[in-house]
Amino acid sequence: MNRPLLVIFLTILVNLIGFGMIIPLLPFYSKALGASPFVIGLLFASFSLAQLIAGPILGDLSDRWGRRPVLLFSLLGTAVSFALLAVARSVTVLFIARIIDGLSGGNISTARAYIGDVTREEDRARGFGLIGAAFGLGFILGPGLAAGLSHISYSAPAWTAAALALGSAALAWRWLPETVHRVQAGRGLPWRSLPALLRHPRLGTILLIDLAFWAAQAVYQTTFALFGARRFGFDVPQTGVLLAAVSVLGVVIQVGLVGPAVRRLGEWRTLALGLFLAAAGLGLASATHNLTVFIIGMVPSGAGIALAIPSLTSLLSRTAGPQEQGRVQGVASALESLGRTVGPVWGNSALQVAGEGVAFGSGAAVMGVLAAFAWVTQRSARAVEQIRVWR
């Protein structure tokens, strides 16, 4: 791995370590300050809503001004937000911290665009697999650190995340070269491109799948801690250890199996397989009250998500031109943020009103529908391609 890709990998890793800490920590932290499950859902959603507003703008700015300054800005914003989280003594301050992180959180979409800049098309799935591996490692180290540091205090994981973000910003400042030539960058806010992108026959379909996938994924992520607490009596350390253990599987798959799976099956069928496994695993987990069966259900769900994320990202990148990587990834990031805004409110409201099984089960149902849709779409695309070849 060359130095720029290593820095990008570490940047995403730090971001996901922080997010991985938030998943087991924030529900218990905010509950201790008097928040209900619905308010906890709003806390998760506030970050994503802020990203929904800022993400496309930062993506467009990365096309105009370069990837490097946007990445540095986002890392510094993450450091400030976690420092604020560490000193929070009210739910209001928690909201402010999450919103600041969301408004500055353009590093994932910008990192995707950076990889699109520096990799060949045939190597892009493997490059995005590195981002997937950073996701997986972040969800190992983040929950693991939350589990260990929460024994000290709820603020200790937040201070650690702030320090990691500052360290990553220092590495990016020292070692990350620029890739964008400003005179070639796109113009105008990416929101204006959204209707045209959605009308594109291939890109529009991928973007809609992306939106629905991240909404269902957010249901699973943001209700996991309360699901475990209600059904199995989990606390922060137990929740963090289980999330970390499941994420090990995701890292193995994204580092070692995503590339071979895409080469053998193609991106569409790899995506359909991943979505099916995620649906099956979450469906099993939602239905059982046995801890062993629940853990077994987490295995296919973790494997499926590990296959689906880089497949989706690669499909998005393949449809974008060289000068449009930042804009397409910015729009995709906005739609993903919309999904992550809807998902926590949907999931935590369902948990509060109808129970934890309904929250997980509804996410599994959406994953199953998306798996069927992706399978039908890839069959249609192959049929059209065969007709073209025959002609």
# chains A, B, ... in the order shown; residues from 1 in each chain; ligands from 1

call {"tool": "residues_around", "arguments": {"residues": "Ile295 (chain A)", "least_positions_apart": "4", "cutoff": "8 Å", "atoms": "only C-alpha atoms", "output": "list in words"}}
result
Ala285, Leu291 and Val299 of chain A

call {"tool": "write_last_selection", "arguments": {"atoms": "C-alpha atoms", "output": "mmCIF file, in the first residue's frame"}}
result
data_model
loop_
_atom_site.group_PDB
_atom_site.id
_atom_site.type_symbol
_atom_site.label_atom_id
_atom_site.label_comp_id
_atom_site.auth_asym_id
_atom_site.auth_seq_id
_atom_site.Cartn_x
_atom_site.Cartn_y
_atom_site.Cartn_z
ATOM 1 C CA ALA A 285 -31.465 -12.231 15.538
ATOM 2 C CA LEU A 291 -28.132 -15.489 23.300
ATOM 3 C CA VAL A 299 -22.406 -13.941 11.699
#

call {"tool": "closest_residue", "arguments": {"among": "A:Leu76, A:Ala163, A:Ile53, A:Val369", "to": "Glu336 (chain A)", "atoms": "only C-alpha atoms"}}
result
A:Ile53

call {"tool": "closest_atom_pairs", "arguments": {"of": "region 146-247 of chain A", "to": "region 3-22 of chain A", "cutoff": "10 Å", "atoms": "only C-alpha atoms", "output": "CSV"}}
result
residue,atom,partner,partner_atom,distance
A:Ala146,CA,A:Met21,CA,5.1
A:Ala147,CA,A:Met21,CA,8.4
A:Leu149,CA,A:Met21,CA,9.8
A:Ser150,CA,A:Met21,CA,9.8
A:Pro157,CA,A:Met21,CA,6.8
A:Ala158,CA,A:Gly18,CA,7.7
A:Trp159,CA,A:Gly18,CA,10.0
A:Thr160,CA,A:Gly18,CA,8.5
A:Ala161,CA,A:Gly18,CA,5.2
A:Ala162,CA,A:Gly18,CA,8.1
A:Ala163,CA,A:Val14,CA,9.7
A:Leu164,CA,A:Val14,CA,6.2
A:Ala165,CA,A:Val14,CA,6.1
A:Leu166,CA,A:Val14,CA,9.5
A:Gly167,CA,A:Val14,CA,9.0
A:Ser168,CA,A:Thr11,CA,5.8
A:Ala169,CA,A:Thr11,CA,7.8
A:Leu171,CA,A:Val7,CA,6.8
A:Ala172,CA,A:Val7,CA,6.2
A:Trp173,CA,A:Val7,CA,9.8
A:Arg174,CA,A:Val7,CA,9.7
A:Trp175,CA,A:Pro4,CA,6.9
A:Leu176,CA,A:Pro4,CA,5.4
A:Pro177,CA,A:Pro4,CA,6.9
A:Glu178,CA,A:Pro4,CA,9.4
A:Gln221,CA,A:Gly20,CA,9.6
A:Thr222,CA,A:Ile22,CA,9.3
A:Val236,CA,A:Met21,CA,9.8
A:Gly240,CA,A:Met21,CA,7.9
A:Leu243,CA,A:Gly20,CA,8.7
A:Ala244,CA,A:Gly20,CA,8.8

call {"tool": "residues_around", "arguments": {"residues": "region 28-37 of chain A", "least_positions_apart": "3", "cutoff": "9 Å", "atoms": "only C-alpha atoms", "output": "list in words"}}
result
Pro24, Leu25, Ile40, Gly41, Leu42, Leu43, Arg89, Ser90, Val91, Leu94, Tyr154, Ser155, Thr223, Ala225, Leu226, Asp235, Val236, Asn348, Ser349, Leu351 and Gln352 of chain A

call {"tool": "write_last_selection", "arguments": {"atoms": "C-alpha atoms", "output": "PDB file, in the first residue's frame"}}
result
ATOM      1  CA  PRO A  24     -22.360   1.136  22.242  1.00  0.00           C
ATOM      2  CA  LEU A  25     -21.658   4.299  24.261  1.00  0.00           C
ATOM      3  CA  ILE A  40     -31.604   8.547  21.415  1.00  0.00           C
ATOM      4  CA  GLY A  41     -32.753   7.906  17.858  1.00  0.00           C
ATOM      5  CA  LEU A  42     -32.878  11.650  17.267  1.00  0.00           C
ATOM      6  CA  LEU A  43     -29.328  11.970  18.607  1.00  0.00           C
ATOM      7  CA  ARG A  89     -23.539  17.154  31.062  1.00  0.00           C
ATOM      8  CA  SER A  90     -26.877  17.501  29.258  1.00  0.00           C
ATOM      9  CA  VAL A  91     -28.647  15.989  26.268  1.00  0.00           C
ATOM     10  CA  LEU A  94     -24.788  15.881  23.172  1.00  0.00           C
ATOM     11  CA  TYR A 154     -18.247   7.612  29.819  1.00  0.00           C
ATOM     12  CA  SER A 155     -16.068  10.570  28.806  1.00  0.00           C
ATOM     13  CA  THR A 223     -30.814  -0.017  18.168  1.00  0.00           C
ATOM     14  CA  ALA A 225     -27.187  -1.409  22.301  1.00  0.00           C
ATOM     15  CA  LEU A 226     -30.763  -1.007  23.537  1.00  0.00           C
ATOM     16  CA  ASP A 235     -24.110  -2.992  29.414  1.00  0.00           C
ATOM     17  CA  VAL A 236     -21.534  -0.865  27.521  1.00  0.00           C
ATOM     18  CA  ASN A 348     -35.714   3.546  17.950  1.00  0.00           C
ATOM     19  CA  SER A 349     -39.355   4.591  17.577  1.00  0.00           C
ATOM     20  CA  LEU A 351     -38.207  -0.197  19.687  1.00  0.00           C
ATOM     21  CA  GLN A 352     -39.964   2.197  22.067  1.00  0.00           C
TER      22      GLN A 352
END

call {"tool": "decode", "arguments": {"residues": "region 34-46 of chain A", "atoms": "N, CA and C atoms", "output": "PDB file, in the first residue's frame"}}
result
ATOM      1  N   GLY A  34     -31.014  11.161  30.925  1.00  0.00           N
ATOM      2  CA  GLY A  34     -32.469  11.269  30.896  1.00  0.00           C
ATOM      3  C   GLY A  34     -33.131  11.114  29.545  1.00  0.00           C
ATOM      4  N   ALA A  35     -32.421  10.653  28.524  1.00  0.00           N
ATOM      5  CA  ALA A  35     -32.994  10.534  27.179  1.00  0.00           C
ATOM      6  C   ALA A  35     -33.808   9.252  27.050  1.00  0.00           C
ATOM      7  N   SER A  36     -34.937   9.344  26.314  1.00  0.00           N
ATOM      8  CA  SER A  36     -35.756   8.176  25.986  1.00  0.00           C
ATOM      9  C   SER A  36     -35.202   7.513  24.731  1.00  0.00           C
ATOM     10  N   PRO A  37     -35.657   6.277  24.394  1.00  0.00           N
ATOM     11  CA  PRO A  37     -35.215   5.653  23.134  1.00  0.00           C
ATOM     12  C   PRO A  37     -35.475   6.525  21.914  1.00  0.00           C
ATOM     13  N   PHE A  38     -36.617   7.217  21.869  1.00  0.00           N
ATOM     14  CA  PHE A  38     -36.908   8.088  20.732  1.00  0.00           C
ATOM     15  C   PHE A  38     -35.890   9.224  20.634  1.00  0.00           C
ATOM     16  N   VAL A  39     -35.546   9.839  21.776  1.00  0.00           N
ATOM     17  CA  VAL A  39     -34.557  10.923  21.787  1.00  0.00           C
ATOM     18  C   VAL A  39     -33.184  10.382  21.402  1.00  0.00           C
ATOM     19  N   ILE A  40     -32.864   9.169  21.820  1.00  0.00           N
ATOM     20  CA  ILE A  40     -31.604   8.547  21.415  1.00  0.00           C
ATOM     21  C   ILE A  40     -31.560   8.379  19.898  1.00  0.00           C
ATOM     22  N   GLY A  41     -32.684   7.980  19.314  1.00  0.00           N
ATOM     23  CA  GLY A  41     -32.753   7.906  17.858  1.00  0.00           C
ATOM     24  C   GLY A  41     -32.530   9.252  17.208  1.00  0.00           C
ATOM     25  N   LEU A  42     -33.098  10.304  17.800  1.00  0.00           N
ATOM     26  CA  LEU A  42     -32.878  11.650  17.267  1.00  0.00           C
ATOM     27  C   LEU A  42     -31.423  12.076  17.389  1.00  0.00           C
ATOM     28  N   LEU A  43     -30.749  11.655  18.454  1.00  0.00           N
ATOM     29  CA  LEU A  43     -29.328  11.970  18.607  1.00  0.00           C
ATOM     30  C   LEU A  43     -28.507  11.364  17.473  1.00  0.00           C
ATOM     31  N   PHE A  44     -28.741  10.092  17.194  1.00  0.00           N
ATOM     32  CA  PHE A  44     -28.051   9.466  16.066  1.00  0.00           C
ATOM     33  C   PHE A  44     -28.426  10.158  14.758  1.00  0.00           C
ATOM     34  N   ALA A  45     -29.710  10.492  14.608  1.00  0.00           N
ATOM     35  CA  ALA A  45     -30.178  11.097  13.361  1.00  0.00           C
ATOM     36  C   ALA A  45     -29.627  12.505  13.173  1.00  0.00           C
ATOM     37  N   SER A  46     -29.377  13.244  14.269  1.00  0.00           N
ATOM     38  CA  SER A  46     -28.898  14.621  14.139  1.00  0.00           C
ATOM     39  C   SER A  46     -27.540  14.673  13.453  1.00  0.00           C
TER      40      SER A  46
END
